[in-house]
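Enquirer: One structure coming up, written as structure tokens, with questions to follow.
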Amino acid sequence: MNNIKRRVGEGRSHSKIILIGEHSVVYGYPAIALPLKDVEVSCQIEKSDTPLLYISEDPLSTAVFSALEYLEISDYHLSLSVTSRIPEKRGMGSSAAVSIAAIRAVFDYFNYSLDKETLEMLVNQAEIIAHTNPSGLDAKTCLSNQAVKFIRNKGFELLDFQLDAYLVIADTGIHGHTKEAVQNVKNMNEHAFPILHQLGKLTEQFEKAFVDKSLHDMGKILSKAHIELQKLGVSIEKSDNLVKTALENGALGAKMSGGGLGGCVIALSPDMVSAQSLADKLMEKGAINTWIERI
Ligand code: MEV
């Protein structure tokens with residue numbers, strides 16, 4: 001083992017938002033997601049007098065213990081603190097981001113270098129605890145500085161976004177339930193297949209629209225995807241209402257984002273002024289927080 005040179009190990013990560021392709025990505029269709037580089041989490045690890053307890057259902061604990069096991073370290077006298085600006089269970093990848101920050105902090109504390117592949121492998125182990133059957137999209141996007149087109153078990157592509165448009169993200173304030181939503185879709189069996197196929201097609205069309213920088217097409221496709229997600233039963237009334245508010249107030253398109261049954265909605269705006277007024281309107285209509293991201 002290397003010598004411990006520092007008394008505090010630190011790790012950071014940022015959050016993410018899915019533009020299109022949630023749920024269908026679990027079944028091998030593509031998804032496109034965006035890192036939210038300003039919405040960050042950090043983790044600090046220090047020596048402690050008491051041993052760190054392993055909590056088997058907790059992704060953060062799983063992440064830390066997987067990292068310790070990987071490094072073959074059995075002295076668990078550590079304490080851990082997490083500072084996060086990422087709201088939990090809102091489809092913003094908080095579980096993946098917290099795991100990334102914690103694993104980085106463990107490696108930093110013990111002064112080991114950490115390559116991207118090992119980090120992603122360890123994060124995905126923790127994500128299995130959080131989501132049961134994660135596609136890997138959350139981890140991949142939280143580890144990326146660029147938008148990602150992701151296909152499960154196939155790979156990913158980094159996408160260059162320079163659209164001069166704005167994405168308004170609005171938090172319903174209601175915890176999402178990704179694990180349950182993914183299970184509900186699974187329980188639909190063959191009834192889900194045409195909807196998942198349609199979501200896959202919409203994702204391909206969306207990619208083409210943003211390569212062509214066609215904001216109007218992108219917006220329309222996002223709104224169509226919301227209708228498909230409603231058919232899958234993963235949206236909730238508050239998300240539907242915020243999507244409706246967005247569309248009635250100048251958004252080019254809007255949809256829920258992430259696992260659903262709560263969480264966030266996203267809306268596409270052509271410029272900063274309309275994005276800001278849309279964000280205000282969404283707050284007025286019940287969103288508890290909004291973020292504006294230039295894309
Ligand atoms: C969760 O952020 C996105 C889902 O597609 C699940 C996954 O990709 O693992 C619902």
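Every chain in the structure tokens has a letter given in the order shown (A, B, ...), and although residue numbers restart at 1 in each chain, ligands are simply numbered from 1 in the order shown.
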Any idea what's packed within 10 Å of Leu53 of chain A, counting only C-alpha atoms, ignoring anything in its chain fewer than 6 positions away? Could you give it as a PyMOL selection string?
Expert: chain A and resi 61+65+76-79
Enquirer: Could you write out the selected residues, including N, CA, C and O atoms, as a PDB file, in the first residue's frame?
Expert:
```pdb
ATOM      1  N   SER A  61     -22.610   3.967   0.623  1.00  0.00           N
ATOM      2  CA  SER A  61     -21.833   3.009   1.402  1.00  0.00           C
ATOM      3  C   SER A  61     -21.233   1.940   0.476  1.00  0.00           C
ATOM      4  O   SER A  61     -20.064   1.577   0.585  1.00  0.00           O
ATOM      5  N   PHE A  65     -17.247   1.171   0.085  1.00  0.00           N
ATOM      6  CA  PHE A  65     -16.709  -0.152   0.410  1.00  0.00           C
ATOM      7  C   PHE A  65     -16.184  -0.881  -0.829  1.00  0.00           C
ATOM      8  O   PHE A  65     -15.203  -1.618  -0.744  1.00  0.00           O
ATOM      9  N   TYR A  76     -11.116   0.333   8.139  1.00  0.00           N
ATOM     10  CA  TYR A  76     -12.269   1.175   7.801  1.00  0.00           C
ATOM     11  C   TYR A  76     -12.487   2.307   8.797  1.00  0.00           C
ATOM     12  O   TYR A  76     -13.583   2.791   8.961  1.00  0.00           O
ATOM     13  N   HIS A  77     -11.428   2.714   9.533  1.00  0.00           N
ATOM     14  CA  HIS A  77     -11.593   3.804  10.500  1.00  0.00           C
ATOM     15  C   HIS A  77     -11.578   5.142   9.761  1.00  0.00           C
ATOM     16  O   HIS A  77     -10.589   5.879   9.768  1.00  0.00           O
ATOM     17  N   LEU A  78     -12.679   5.392   9.134  1.00  0.00           N
ATOM     18  CA  LEU A  78     -12.795   6.586   8.293  1.00  0.00           C
ATOM     19  C   LEU A  78     -14.130   7.250   8.562  1.00  0.00           C
ATOM     20  O   LEU A  78     -15.102   6.577   8.906  1.00  0.00           O
ATOM     21  N   SER A  79     -14.168   8.567   8.373  1.00  0.00           N
ATOM     22  CA  SER A  79     -15.474   9.239   8.385  1.00  0.00           C
ATOM     23  C   SER A  79     -15.625   9.959   7.056  1.00  0.00           C
ATOM     24  O   SER A  79     -14.635  10.318   6.407  1.00  0.00           O
TER      25      SER A  79
END
```
Enquirer: Might you pull out every residue within 8 Å of Leu143 of chain A, with only C-alpha atoms counted and same-chain residues fewer than 6 positions away left off, and present them as a list in words?
Expert: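 That gives Ser13, His14, Ile100 and Glu120 of chain A.
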Enquirer: Now that the selection is made, can you save its residues with all heavy atoms as a CSV table (one decimal), in the first residue's frame?
Expert:
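Result file again_26.csv:
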```
chain,number,residue,atom,x,y,z
A,13,SER,N,-18.1,15.6,-8.1
A,13,SER,CA,-18.7,15.2,-9.4
A,13,SER,C,-19.8,16.2,-9.7
A,13,SER,O,-20.1,17.0,-8.8
A,13,SER,CB,-19.4,13.8,-9.2
A,13,SER,OG,-20.1,13.4,-10.4
A,14,HIS,N,-20.4,16.1,-10.9
A,14,HIS,CA,-21.5,17.0,-11.2
A,14,HIS,C,-22.7,16.1,-11.5
A,14,HIS,O,-22.6,14.9,-11.6
A,14,HIS,CB,-21.1,17.9,-12.3
A,14,HIS,CG,-20.6,17.2,-13.6
A,14,HIS,ND1,-21.4,16.4,-14.3
A,14,HIS,CD2,-19.4,17.2,-14.1
A,14,HIS,CE1,-20.7,15.9,-15.3
A,14,HIS,NE2,-19.5,16.4,-15.2
A,100,ILE,N,-19.6,8.7,-7.4
A,100,ILE,CA,-18.3,9.2,-8.1
A,100,ILE,C,-17.5,10.0,-7.1
A,100,ILE,O,-16.3,9.7,-7.0
A,100,ILE,CB,-18.7,10.0,-9.4
A,100,ILE,CG1,-19.3,9.1,-10.4
A,100,ILE,CG2,-17.4,10.7,-9.9
A,100,ILE,CD1,-19.9,9.9,-11.6
A,120,GLU,N,-15.8,4.0,-13.4
A,120,GLU,CA,-17.1,3.8,-13.9
A,120,GLU,C,-17.6,2.4,-13.5
A,120,GLU,O,-18.8,2.2,-13.1
A,120,GLU,CB,-17.1,3.8,-15.4
A,120,GLU,CG,-18.4,3.9,-16.1
A,120,GLU,CD,-18.4,4.2,-17.5
A,120,GLU,OE1,-17.4,4.8,-18.0
A,120,GLU,OE2,-19.4,4.0,-18.2
```
Enquirer: Just want the residues within 7 Å of ligand 1, written as a PyMOL selection string, counting only C-alpha atoms and all ligand atoms.
Expert: chain A and resi 21-26+91+93+131+133-138+178+182+258-259
Enquirer: Would you please give, as a list in words, all residues of segment 58-225 of chain A that DSSP assigns to strand (DSSP E or B) based on the backbone?
Expert: Leu78, Ser79, Leu80, Ser81, Val82, Thr83, Ser84, Ala147, Val148, Lys149, Phe150, Ile151, Gly155, Phe156, Glu157, Leu158, Leu159, Tyr166, Leu167, Val168, Ile169, Ala170 and Asp171 of chain A
Enquirer: Take the residues from that selection and write them out as a PDB file, in the first residue's frame, keeping N, CA, C and O atoms.
Expert:
```
ATOM      1  N   LEU A  78     -12.679   5.392   9.134  1.00  0.00           N
ATOM      2  CA  LEU A  78     -12.795   6.586   8.293  1.00  0.00           C
ATOM      3  C   LEU A  78     -14.130   7.250   8.562  1.00  0.00           C
ATOM      4  O   LEU A  78     -15.102   6.577   8.906  1.00  0.00           O
ATOM      5  N   SER A  79     -14.168   8.567   8.373  1.00  0.00           N
ATOM      6  CA  SER A  79     -15.474   9.239   8.385  1.00  0.00           C
ATOM      7  C   SER A  79     -15.625   9.959   7.056  1.00  0.00           C
ATOM      8  O   SER A  79     -14.635  10.318   6.407  1.00  0.00           O
ATOM      9  N   LEU A  80     -16.877  10.187   6.741  1.00  0.00           N
ATOM     10  CA  LEU A  80     -17.160  10.631   5.379  1.00  0.00           C
ATOM     11  C   LEU A  80     -18.171  11.752   5.453  1.00  0.00           C
ATOM     12  O   LEU A  80     -19.150  11.658   6.199  1.00  0.00           O
ATOM     13  N   SER A  81     -17.933  12.844   4.723  1.00  0.00           N
ATOM     14  CA  SER A  81     -18.986  13.869   4.686  1.00  0.00           C
ATOM     15  C   SER A  81     -19.234  14.277   3.244  1.00  0.00           C
ATOM     16  O   SER A  81     -18.303  14.366   2.435  1.00  0.00           O
ATOM     17  N   VAL A  82     -20.507  14.480   2.955  1.00  0.00           N
ATOM     18  CA  VAL A  82     -20.909  14.781   1.579  1.00  0.00           C
ATOM     19  C   VAL A  82     -21.589  16.141   1.572  1.00  0.00           C
ATOM     20  O   VAL A  82     -22.456  16.418   2.394  1.00  0.00           O
ATOM     21  N   THR A  83     -21.177  17.013   0.661  1.00  0.00           N
ATOM     22  CA  THR A  83     -21.859  18.299   0.462  1.00  0.00           C
ATOM     23  C   THR A  83     -22.414  18.283  -0.946  1.00  0.00           C
ATOM     24  O   THR A  83     -21.663  18.099  -1.904  1.00  0.00           O
ATOM     25  N   SER A  84     -23.726  18.462  -1.043  1.00  0.00           N
ATOM     26  CA  SER A  84     -24.325  18.301  -2.373  1.00  0.00           C
ATOM     27  C   SER A  84     -25.284  19.422  -2.714  1.00  0.00           C
ATOM     28  O   SER A  84     -26.095  19.835  -1.895  1.00  0.00           O
ATOM     29  N   ALA A 147     -22.204  16.476 -23.627  1.00  0.00           N
ATOM     30  CA  ALA A 147     -23.420  15.680 -23.798  1.00  0.00           C
ATOM     31  C   ALA A 147     -23.041  14.294 -24.318  1.00  0.00           C
ATOM     32  O   ALA A 147     -22.041  14.128 -25.022  1.00  0.00           O
ATOM     33  N   VAL A 148     -23.852  13.326 -23.955  1.00  0.00           N
ATOM     34  CA  VAL A 148     -23.529  11.941 -24.268  1.00  0.00           C
ATOM     35  C   VAL A 148     -24.711  11.286 -24.983  1.00  0.00           C
ATOM     36  O   VAL A 148     -25.848  11.396 -24.536  1.00  0.00           O
ATOM     37  N   LYS A 149     -24.408  10.601 -26.074  1.00  0.00           N
ATOM     38  CA  LYS A 149     -25.395   9.678 -26.644  1.00  0.00           C
ATOM     39  C   LYS A 149     -24.946   8.291 -26.205  1.00  0.00           C
ATOM     40  O   LYS A 149     -23.812   7.880 -26.474  1.00  0.00           O
ATOM     41  N   PHE A 150     -25.839   7.591 -25.531  1.00  0.00           N
ATOM     42  CA  PHE A 150     -25.445   6.355 -24.858  1.00  0.00           C
ATOM     43  C   PHE A 150     -26.315   5.195 -25.337  1.00  0.00           C
ATOM     44  O   PHE A 150     -27.535   5.323 -25.428  1.00  0.00           O
ATOM     45  N   ILE A 151     -25.687   4.089 -25.663  1.00  0.00           N
ATOM     46  CA  ILE A 151     -26.443   2.866 -25.960  1.00  0.00           C
ATOM     47  C   ILE A 151     -25.909   1.767 -25.052  1.00  0.00           C
ATOM     48  O   ILE A 151     -24.703   1.469 -25.074  1.00  0.00           O
ATOM     49  N   GLY A 155     -21.928   1.295 -26.154  1.00  0.00           N
ATOM     50  CA  GLY A 155     -20.951   2.376 -26.061  1.00  0.00           C
ATOM     51  C   GLY A 155     -21.619   3.724 -26.031  1.00  0.00           C
ATOM     52  O   GLY A 155     -22.828   3.835 -25.818  1.00  0.00           O
ATOM     53  N   PHE A 156     -20.812   4.731 -26.264  1.00  0.00           N
ATOM     54  CA  PHE A 156     -21.329   6.093 -26.170  1.00  0.00           C
ATOM     55  C   PHE A 156     -20.564   6.976 -27.129  1.00  0.00           C
ATOM     56  O   PHE A 156     -19.502   6.608 -27.630  1.00  0.00           O
ATOM     57  N   GLU A 157     -21.183   8.119 -27.377  1.00  0.00           N
ATOM     58  CA  GLU A 157     -20.569   9.111 -28.264  1.00  0.00           C
ATOM     59  C   GLU A 157     -20.685  10.450 -27.558  1.00  0.00           C
ATOM     60  O   GLU A 157     -21.741  10.720 -26.963  1.00  0.00           O
ATOM     61  N   LEU A 158     -19.637  11.272 -27.620  1.00  0.00           N
ATOM     62  CA  LEU A 158     -19.760  12.608 -27.046  1.00  0.00           C
ATOM     63  C   LEU A 158     -20.322  13.539 -28.107  1.00  0.00           C
ATOM     64  O   LEU A 158     -19.914  13.473 -29.268  1.00  0.00           O
ATOM     65  N   LEU A 159     -21.271  14.376 -27.712  1.00  0.00           N
ATOM     66  CA  LEU A 159     -21.936  15.234 -28.683  1.00  0.00           C
ATOM     67  C   LEU A 159     -21.576  16.685 -28.429  1.00  0.00           C
ATOM     68  O   LEU A 159     -21.509  17.113 -27.270  1.00  0.00           O
ATOM     69  N   TYR A 166     -31.649  27.351 -24.714  1.00  0.00           N
ATOM     70  CA  TYR A 166     -31.597  27.168 -23.258  1.00  0.00           C
ATOM     71  C   TYR A 166     -32.552  26.070 -22.818  1.00  0.00           C
ATOM     72  O   TYR A 166     -33.655  25.951 -23.364  1.00  0.00           O
ATOM     73  N   LEU A 167     -32.088  25.306 -21.860  1.00  0.00           N
ATOM     74  CA  LEU A 167     -32.918  24.263 -21.293  1.00  0.00           C
ATOM     75  C   LEU A 167     -33.308  24.712 -19.885  1.00  0.00           C
ATOM     76  O   LEU A 167     -32.434  25.016 -19.066  1.00  0.00           O
ATOM     77  N   VAL A 168     -34.603  24.773 -19.655  1.00  0.00           N
ATOM     78  CA  VAL A 168     -35.067  25.102 -18.304  1.00  0.00           C
ATOM     79  C   VAL A 168     -35.403  23.785 -17.612  1.00  0.00           C
ATOM     80  O   VAL A 168     -36.138  22.956 -18.157  1.00  0.00           O
ATOM     81  N   ILE A 169     -34.829  23.593 -16.444  1.00  0.00           N
ATOM     82  CA  ILE A 169     -35.084  22.375 -15.670  1.00  0.00           C
ATOM     83  C   ILE A 169     -35.896  22.789 -14.452  1.00  0.00           C
ATOM     84  O   ILE A 169     -35.510  23.739 -13.747  1.00  0.00           O
ATOM     85  N   ALA A 170     -37.011  22.137 -14.232  1.00  0.00           N
ATOM     86  CA  ALA A 170     -37.867  22.513 -13.097  1.00  0.00           C
ATOM     87  C   ALA A 170     -38.093  21.299 -12.212  1.00  0.00           C
ATOM     88  O   ALA A 170     -38.447  20.220 -12.691  1.00  0.00           O
ATOM     89  N   ASP A 171     -37.880  21.493 -10.929  1.00  0.00           N
ATOM     90  CA  ASP A 171     -38.022  20.418  -9.946  1.00  0.00           C
ATOM     91  C   ASP A 171     -39.460  20.390  -9.420  1.00  0.00           C
ATOM     92  O   ASP A 171     -39.938  21.394  -8.883  1.00  0.00           O
TER      93      ASP A 171
END
```
Enquirer: Please, which residues in segment 172-220 of chain A fall within 10 Å of segment 242-255 of chain A when counting only C-alpha atoms, and what is the closest atom pair and distance in Å to one decimal for each, ordered by chain then residue number, as CSV?
Expert:
```
residue,atom,partner,partner_atom,distance
A:Thr172,CA,A:Leu242,CA,8.0
A:Leu215,CA,A:Leu252,CA,7.4
A:His216,CA,A:Leu252,CA,6.0
A:Asp217,CA,A:Leu252,CA,8.5
A:Met218,CA,A:Gly253,CA,7.3
A:Gly219,CA,A:Gly253,CA,3.7
A:Lys220,CA,A:Gly253,CA,5.4
```
Enquirer: Output C-alpha atoms for every residue in the selection just made, as a short mmCIF file (atom, residue, chain, number, x, y, z; two decimals), in the first residue's frame.
Expert:
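Below you can see part-v5.cif, which holds the result:
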```
data_model
loop_
_atom_site.label_atom_id
_atom_site.label_comp_id
_atom_site.auth_asym_id
_atom_site.auth_seq_id
_atom_site.Cartn_x
_atom_site.Cartn_y
_atom_site.Cartn_z
CA THR A 172 -41.51 19.15 -9.04
CA LEU A 215 -34.82 23.95 -32.35
CA HIS A 216 -38.46 23.74 -33.39
CA ASP A 217 -38.13 20.07 -34.36
CA MET A 218 -36.21 19.34 -31.18
CA GLY A 219 -38.98 20.92 -29.12
CA LYS A 220 -41.74 19.00 -30.89
#
```
Enquirer: As JSON, numbers by chain, please: the residues near Ile86 of chain A (cut-off 10 Å, only C-alpha atoms, same-chain neighbours under 6 positions excluded).
Expert: {"A": [14, 15, 16, 36, 38, 39, 40, 41, 92, 93, 94, 95, 97, 98]}
Enquirer: Quick one: distance from atom CA of Phe206 of chain A to atom CA of Ile20 of chain A in Å, one decimal?
Expert: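 Those two atoms sit 8.0 Å apart.
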Enquirer: Between atom CA of Gln44 of chain A and atom CA of Glu127 of chain A, what distance in Å does the model show, to one decimal?
Expert: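 Between atom CA of Gln44 of chain A and atom CA of Glu127 of chain A the gap is 20.1 Å.
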